[in-house]
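Reviewing the structure listed below.
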Amino acid sequence: MLLYEHPGSPYAQKVKIALREKGVAFDVELPKSLGTGQVDEPFGMTNPRAEVPVLVDGHTSIFDSTIIMEYIEERWPNPPLLPRTPEARAAARMTEDVCDTQYEAVNWGFAEVAVFGRANGALADTLRAAAARQTTVIQNWLAVRLGDAAWFGGEAFGWADAAVAPMLHRSVLYGMGPPPGSALAAWYERLRERASVAITFAEYEAASAGMAATIERFKTGERLREYRDNRLEWMIKSGGIEVVLAGLRDRNIRFPWPNDR
Ligand SMILES: N[C@@H](CCC(=O)N[C@@H](CS)C(=O)NCC(=O)O)C(=O)O
């Protein structure tokens, strides 16, 4: 079992938490071409979008973290991560979908400013403030879904917890965590204690230490940030269309496959 990944990818983190919950052993590989959009090495052949994660299981390779989650659940049913009833399963999938689309885009947009330095001055303030407001909206939505349960699916850790984990963790690292003393903050404390999560977060933190060189590559255009669907939408709706235009001018962003650039 091989997982093409980047330890910082929240989608890869979700999948690693699921594999670890199931007790499935796997190797990890960081594709050399990640961030270029190139599809001409073994990794690229597995995903025309040139995105991680990709799970390779023998002759089968699967891209997109949600499809990988489905595969993991079907291939290793025990312990189950999805709850039993159709209603609860749909609820878990909706939580995952919001995390993968709207929530991830907010964290990504914040990082474009705070980590990758794509905006300064008033524009940076606007984008940071938008990220903070939207984070609160999404965390309030999550707090209602969690209620007073231990986990998003009720008594047992599961699918939705694995999906929320990397997103909320990123918010905390960016200083936008849930209010102290809230049920969501207590969930986060419980979450961090879980072995599957603790290892995955530790790998992310270890990789973050070497980020400076990577950030430079994205400035020079040696690497191209992928401005895709929800991320592109976030930048525009939050007031950052100038960031997109500058990225096109400086040729250090890319749009998703298929494209001519
Ligand atoms: N919908 C995909 C999104 C995956 C994705 O966007 N991965 C990012 C890393 S977080 C990536 O590999 N980007 C490639 C790039 O930036 O060139 C999934 O759920 O797996």
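Residues are named by chain letter and number: chains run A, B, ... in the order of the structure tokens, numbers start at 1 in each chain, and ligands are numbered from 1 in the order shown.
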
Within 6 Å of ligand 1, counting only C-alpha atoms and all ligand atoms: which residues, as a PyMOL selection string? chain A and resi 9-11+34-37+50-53+64-66+225-226

Write out as a PyMOL selection string the residues lying within 9 Å of Met69 in chain A, counting only C-alpha atoms and excluding same-chain residues fewer than 2 positions away. chain A and resi 14-15+18-19+64-67+71-74+159

All residues 12 Å or closer to Trp141 in chain A, only C-alpha atoms, same chain fewer than 5 positions away omitted, as a count of residues only: 14

Within 10 Å of Thr220 in chain A, counting only C-alpha atoms, which residues show up once you throw out same-chain ones fewer than 3 positions away? Write them as a list in words, please.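 So the residues in contact are Ile215, Glu216, Arg217, Arg223, Leu224, Asp250, Arg251 and Asn252 of chain A.
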
Kindly save the residues from that selection, with C-alpha atoms included, as a compact mmCIF listing (two decimals), in the first residue's frame.
# COMPACT_ATOMS: atom_id res chain seq x y z
CA ILE A 215 7.61 29.00 -0.31
CA GLU A 216 10.46 30.53 -2.30
CA ARG A 217 9.87 28.06 -5.17
CA ARG A 223 6.36 25.71 -8.42
CA LEU A 224 2.83 26.84 -9.31
CA ASP A 250 4.10 36.46 -12.55
CA ARG A 251 3.30 32.95 -13.81
CA ASN A 252 3.40 31.36 -10.38

Using only C-alpha atoms, the residue out of A:Ala124, A:Gly153, A:Leu82, A:Pro166 with shortest distance to Glu205 in chain A is A:Pro166

Sel. of strand (DSSP E) residues, range 13-201 of chain A, as a PyMOL selection string: chain A and resi 27-29+54-57+60-63

List the spatial neighbours of Val172 in chain A as a list in words - criterion: any atom at most 12 Å away, only C-alpha atoms, same-chain residues fewer than 4 positions off excluded.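 That gives Asn107, Ala132, Thr135, Thr136, Gln139, Ala165, Pro166, Met167, Leu168, Met176, Gly177, Pro178, Pro179, Pro180, Leu184, Ala185, Tyr188, Glu189 and Arg192 of chain A.
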
Find, counting only C-alpha atoms, the residue in A:Leu3, A:Val39, A:Ala90, A:Ala163 that gets nearest to Asp57 in chain A. A:Leu3

DSSP on the backbone: what in range 144-213 of chain A comes out helix (DSSP H, G or I), as a ChimeraX atom specification? /A:144-146,159-173,183-193,195-208,211-213
